[in-house]
Amino acid sequence: MGVEISLDPPVCPIQANGGTSKHKMINHTDRHLAYKVKSSNNSNYSVNLIYGILKVCDVKELVITRKPGKPQADKLIIQYCQVNDENADPKALFANGVPPGELSGETIIKLSAAE
């Protein structure tokens, strides 16, 4: 496996006093992928997409929002797995973590808040 899901731009430069950063979340595979976006710091960060399905070679806009707060080393984790049904419920799929499968894993994005 290589890079199944990526963000463009791949880093999130955002001010510690708050703001937003827009990214393209890209499915690089020939399969539908269900995803869940998790944050290491839910007190300061939120995203517009938590669960969803990225269809074959699909692109979705991910907006990362940061509330004012002390900068620290944070990250977003995009968990994903292959789904055969594009109408599957992604929230139910990730109820017990990342489902095992031929095509499943995580993409980690570093969040760097600057003062």
# chains A, B, ... in the order shown; residues from 1 in each chain; ligands from 1
>>> select_by_dssp(residues="chain A", states="alpha helix (DSSP H)", output="list in words")
Pro90, Lys91, Ala92 and Leu93 of chain A
>>> residues_around(residues="Asn42 of chain A", least_positions_apart="3", cutoff="10 Å", atoms="only C-alpha atoms", output="list in words")
Lys38, Ser39, Tyr45, Ser46, Val47, Arg66, Lys67, Asp74 and Leu76 of chain A
>>> closest_residue(among="A:Asn27, A:Leu54, A:Gln82, A:Leu49", to="Leu103 of chain A", atoms="only C-alpha atoms")
A:Gln82
>>> residues_around(residues="Ala88 of chain A", least_positions_apart="3", cutoff="10 Å", atoms="only C-alpha atoms", output="PyMOL selection string")
chain A and resi 34+52-53+83-85+91-93
>>> residues_around(residues="Ala73 of chain A", least_positions_apart="6", cutoff="8 Å", atoms="only C-alpha atoms", output="tab-separated table (two decimals) with all heavy atoms, in the first residue's frame")
chain	number	residue	atom	x	y	z
A	110	LYS	N	0.16	16.58	10.57
A	110	LYS	CA	0.64	17.40	11.67
A	110	LYS	C	-0.03	18.77	11.62
A	110	LYS	O	-0.14	19.37	10.56
A	110	LYS	CB	2.15	17.55	11.61
A	110	LYS	CG	2.88	16.26	11.87
A	110	LYS	CD	4.37	16.46	11.83
A	110	LYS	CE	5.08	15.13	12.07
A	110	LYS	NZ	6.53	15.26	11.97
A	111	LEU	N	-0.45	19.23	12.79
A	111	LEU	CA	-1.07	20.55	12.91
A	111	LEU	C	-0.07	21.46	13.62
A	111	LEU	O	0.35	21.15	14.73
A	111	LEU	CB	-2.37	20.46	13.73
A	111	LEU	CG	-3.43	19.52	13.16
A	111	LEU	CD1	-4.58	19.39	14.14
A	111	LEU	CD2	-3.92	19.99	11.81
A	112	SER	N	0.32	22.54	12.98
A	112	SER	CA	1.33	23.42	13.56
A	112	SER	C	0.77	24.82	13.77
A	112	SER	O	0.68	25.60	12.83
A	112	SER	CB	2.56	23.46	12.65
A	112	SER	OG	2.19	23.87	11.36
>>> select_by_dssp(residues="segment 2-107 of chain A", states="strand (DSSP E or B)", output="MDAnalysis selection string")
chainID A and resid 5:8 12:15 19:27 32:39 45:47 51:54 59:66 73:83 104:107
>>> residues_around(residues="segment 55-61 of chain A", least_positions_apart="6", cutoff="9 Å", atoms="only C-alpha atoms", output="JSON, numbers by chain")
{"A": [22, 23, 24, 25, 26, 27, 28, 29, 30, 31, 32, 33, 34, 48, 49, 86]}
>>> closest_residue(among="A:Phe94, A:Thr20, A:Leu62, A:Val37", to="Leu7 of chain A", atoms="only C-alpha atoms")
A:Leu62
>>> atom_distance(atom1="atom CA of Ala95 of chain A", atom2="atom CA of Tyr51 of chain A")
11.1 Å
>>> atom_distance(atom1="atom CA of Glu102 of chain A", atom2="atom CA of Glu4 of chain A")
12.1 Å
>>> closest_residue(among="A:Ile78, A:Ile50, A:Val3, A:Ala114", to="Gln15 of chain A", atoms="only C-alpha atoms")
A:Ala114
>>> residues_around(residues="Gly69 of chain A", least_positions_apart="6", cutoff="7 Å", atoms="only C-alpha atoms", output="list in words")
Ala16, Asn17 and Asn44 of chain A
>>> decode(residues="segment 76-104 of chain A", atoms="N, CA, C and O atoms", output="PDB file, in the first residue's frame")
ATOM      1  N   LEU A  76      -4.037  15.509  13.154  1.00  0.00           N
ATOM      2  CA  LEU A  76      -5.285  14.911  12.701  1.00  0.00           C
ATOM      3  C   LEU A  76      -4.957  13.508  12.224  1.00  0.00           C
ATOM      4  O   LEU A  76      -3.919  13.287  11.586  1.00  0.00           O
ATOM      5  N   ILE A  77      -5.834  12.578  12.518  1.00  0.00           N
ATOM      6  CA  ILE A  77      -5.683  11.206  12.047  1.00  0.00           C
ATOM      7  C   ILE A  77      -6.884  10.893  11.175  1.00  0.00           C
ATOM      8  O   ILE A  77      -8.028  10.995  11.630  1.00  0.00           O
ATOM      9  N   ILE A  78      -6.627  10.551   9.925  1.00  0.00           N
ATOM     10  CA  ILE A  78      -7.699  10.138   9.021  1.00  0.00           C
ATOM     11  C   ILE A  78      -7.641   8.621   8.928  1.00  0.00           C
ATOM     12  O   ILE A  78      -6.725   8.062   8.327  1.00  0.00           O
ATOM     13  N   GLN A  79      -8.613   7.958   9.558  1.00  0.00           N
ATOM     14  CA  GLN A  79      -8.711   6.500   9.481  1.00  0.00           C
ATOM     15  C   GLN A  79      -9.550   6.161   8.262  1.00  0.00           C
ATOM     16  O   GLN A  79     -10.512   6.864   7.958  1.00  0.00           O
ATOM     17  N   TYR A  80      -9.197   5.085   7.575  1.00  0.00           N
ATOM     18  CA  TYR A  80      -9.963   4.724   6.376  1.00  0.00           C
ATOM     19  C   TYR A  80     -10.019   3.214   6.195  1.00  0.00           C
ATOM     20  O   TYR A  80      -9.202   2.468   6.739  1.00  0.00           O
ATOM     21  N   CYS A  81     -11.016   2.794   5.427  1.00  0.00           N
ATOM     22  CA  CYS A  81     -11.147   1.388   5.044  1.00  0.00           C
ATOM     23  C   CYS A  81     -11.944   1.310   3.746  1.00  0.00           C
ATOM     24  O   CYS A  81     -12.734   2.199   3.434  1.00  0.00           O
ATOM     25  N   GLN A  82     -11.704   0.257   3.023  1.00  0.00           N
ATOM     26  CA  GLN A  82     -12.415   0.027   1.760  1.00  0.00           C
ATOM     27  C   GLN A  82     -13.857  -0.353   2.051  1.00  0.00           C
ATOM     28  O   GLN A  82     -14.145  -1.085   2.996  1.00  0.00           O
ATOM     29  N   VAL A  83     -14.777   0.176   1.237  1.00  0.00           N
ATOM     30  CA  VAL A  83     -16.180  -0.224   1.305  1.00  0.00           C
ATOM     31  C   VAL A  83     -16.640  -0.572  -0.104  1.00  0.00           C
ATOM     32  O   VAL A  83     -16.213   0.049  -1.073  1.00  0.00           O
ATOM     33  N   ASN A  84     -17.492  -1.567  -0.196  1.00  0.00           N
ATOM     34  CA  ASN A  84     -18.021  -1.957  -1.502  1.00  0.00           C
ATOM     35  C   ASN A  84     -19.304  -1.214  -1.836  1.00  0.00           C
ATOM     36  O   ASN A  84     -19.675  -1.116  -2.992  1.00  0.00           O
ATOM     37  N   ASP A  85     -19.970  -0.695  -0.811  1.00  0.00           N
ATOM     38  CA  ASP A  85     -21.236   0.008  -0.992  1.00  0.00           C
ATOM     39  C   ASP A  85     -21.027   1.486  -0.689  1.00  0.00           C
ATOM     40  O   ASP A  85     -20.745   1.851   0.449  1.00  0.00           O
ATOM     41  N   GLU A  86     -21.161   2.338  -1.696  1.00  0.00           N
ATOM     42  CA  GLU A  86     -20.946   3.767  -1.483  1.00  0.00           C
ATOM     43  C   GLU A  86     -22.011   4.384  -0.585  1.00  0.00           C
ATOM     44  O   GLU A  86     -21.880   5.528  -0.160  1.00  0.00           O
ATOM     45  N   ASN A  87     -23.061   3.645  -0.258  1.00  0.00           N
ATOM     46  CA  ASN A  87     -24.107   4.124   0.638  1.00  0.00           C
ATOM     47  C   ASN A  87     -23.951   3.565   2.052  1.00  0.00           C
ATOM     48  O   ASN A  87     -24.849   3.698   2.877  1.00  0.00           O
ATOM     49  N   ALA A  88     -22.818   2.930   2.344  1.00  0.00           N
ATOM     50  CA  ALA A  88     -22.565   2.376   3.683  1.00  0.00           C
ATOM     51  C   ALA A  88     -22.537   3.506   4.710  1.00  0.00           C
ATOM     52  O   ALA A  88     -22.227   4.649   4.387  1.00  0.00           O
ATOM     53  N   ASP A  89     -22.847   3.173   5.961  1.00  0.00           N
ATOM     54  CA  ASP A  89     -22.824   4.145   7.050  1.00  0.00           C
ATOM     55  C   ASP A  89     -21.418   4.171   7.655  1.00  0.00           C
ATOM     56  O   ASP A  89     -21.052   3.269   8.407  1.00  0.00           O
ATOM     57  N   PRO A  90     -20.614   5.197   7.351  1.00  0.00           N
ATOM     58  CA  PRO A  90     -19.229   5.217   7.841  1.00  0.00           C
ATOM     59  C   PRO A  90     -19.130   5.304   9.360  1.00  0.00           C
ATOM     60  O   PRO A  90     -18.212   4.757   9.949  1.00  0.00           O
ATOM     61  N   LYS A  91     -20.077   5.968  10.006  1.00  0.00           N
ATOM     62  CA  LYS A  91     -20.027   6.080  11.462  1.00  0.00           C
ATOM     63  C   LYS A  91     -20.148   4.690  12.096  1.00  0.00           C
ATOM     64  O   LYS A  91     -19.412   4.350  13.019  1.00  0.00           O
ATOM     65  N   ALA A  92     -21.040   3.871  11.584  1.00  0.00           N
ATOM     66  CA  ALA A  92     -21.210   2.508  12.106  1.00  0.00           C
ATOM     67  C   ALA A  92     -19.974   1.656  11.827  1.00  0.00           C
ATOM     68  O   ALA A  92     -19.574   0.839  12.660  1.00  0.00           O
ATOM     69  N   LEU A  93     -19.330   1.865  10.668  1.00  0.00           N
ATOM     70  CA  LEU A  93     -18.136   1.087  10.322  1.00  0.00           C
ATOM     71  C   LEU A  93     -17.004   1.298  11.319  1.00  0.00           C
ATOM     72  O   LEU A  93     -16.247   0.378  11.607  1.00  0.00           O
ATOM     73  N   PHE A  94     -16.859   2.527  11.829  1.00  0.00           N
ATOM     74  CA  PHE A  94     -15.751   2.858  12.722  1.00  0.00           C
ATOM     75  C   PHE A  94     -16.134   2.811  14.203  1.00  0.00           C
ATOM     76  O   PHE A  94     -15.379   3.277  15.047  1.00  0.00           O
ATOM     77  N   ALA A  95     -17.273   2.225  14.519  1.00  0.00           N
ATOM     78  CA  ALA A  95     -17.738   2.169  15.912  1.00  0.00           C
ATOM     79  C   ALA A  95     -16.736   1.470  16.828  1.00  0.00           C
ATOM     80  O   ALA A  95     -16.615   1.819  18.003  1.00  0.00           O
ATOM     81  N   ASN A  96     -15.990   0.510  16.299  1.00  0.00           N
ATOM     82  CA  ASN A  96     -15.010  -0.236  17.103  1.00  0.00           C
ATOM     83  C   ASN A  96     -13.589  -0.044  16.587  1.00  0.00           C
ATOM     84  O   ASN A  96     -12.773  -0.958  16.645  1.00  0.00           O
ATOM     85  N   GLY A  97     -13.273   1.133  16.064  1.00  0.00           N
ATOM     86  CA  GLY A  97     -11.941   1.392  15.515  1.00  0.00           C
ATOM     87  C   GLY A  97     -11.925   1.167  14.016  1.00  0.00           C
ATOM     88  O   GLY A  97     -12.968   1.063  13.376  1.00  0.00           O
ATOM     89  N   VAL A  98     -10.730   1.067  13.453  1.00  0.00           N
ATOM     90  CA  VAL A  98     -10.586   0.861  12.012  1.00  0.00           C
ATOM     91  C   VAL A  98     -10.935  -0.590  11.689  1.00  0.00           C
ATOM     92  O   VAL A  98     -10.321  -1.504  12.226  1.00  0.00           O
ATOM     93  N   PRO A  99     -11.921  -0.818  10.813  1.00  0.00           N
ATOM     94  CA  PRO A  99     -12.263  -2.190  10.449  1.00  0.00           C
ATOM     95  C   PRO A  99     -11.096  -2.862   9.728  1.00  0.00           C
ATOM     96  O   PRO A  99     -10.414  -2.227   8.923  1.00  0.00           O
ATOM     97  N   PRO A 100     -10.844  -4.124  10.026  1.00  0.00           N
ATOM     98  CA  PRO A 100      -9.766  -4.817   9.312  1.00  0.00           C
ATOM     99  C   PRO A 100     -10.161  -5.034   7.857  1.00  0.00           C
ATOM    100  O   PRO A 100     -11.336  -5.084   7.527  1.00  0.00           O
ATOM    101  N   GLY A 101      -9.176  -5.146   7.005  1.00  0.00           N
ATOM    102  CA  GLY A 101      -9.473  -5.378   5.600  1.00  0.00           C
ATOM    103  C   GLY A 101      -8.236  -5.236   4.748  1.00  0.00           C
ATOM    104  O   GLY A 101      -7.177  -4.817   5.210  1.00  0.00           O
ATOM    105  N   GLU A 102      -8.398  -5.594   3.502  1.00  0.00           N
ATOM    106  CA  GLU A 102      -7.293  -5.530   2.547  1.00  0.00           C
ATOM    107  C   GLU A 102      -6.764  -4.107   2.400  1.00  0.00           C
ATOM    108  O   GLU A 102      -5.574  -3.871   2.262  1.00  0.00           O
ATOM    109  N   LEU A 103      -7.669  -3.137   2.450  1.00  0.00           N
ATOM    110  CA  LEU A 103      -7.288  -1.742   2.261  1.00  0.00           C
ATOM    111  C   LEU A 103      -7.832  -0.927   3.431  1.00  0.00           C
ATOM    112  O   LEU A 103      -8.958  -0.449   3.408  1.00  0.00           O
ATOM    113  N   SER A 104      -7.039  -0.814   4.480  1.00  0.00           N
ATOM    114  CA  SER A 104      -7.430  -0.004   5.635  1.00  0.00           C
ATOM    115  C   SER A 104      -6.172   0.552   6.287  1.00  0.00           C
ATOM    116  O   SER A 104      -5.089  -0.005   6.140  1.00  0.00           O
TER     117      SER A 104
END
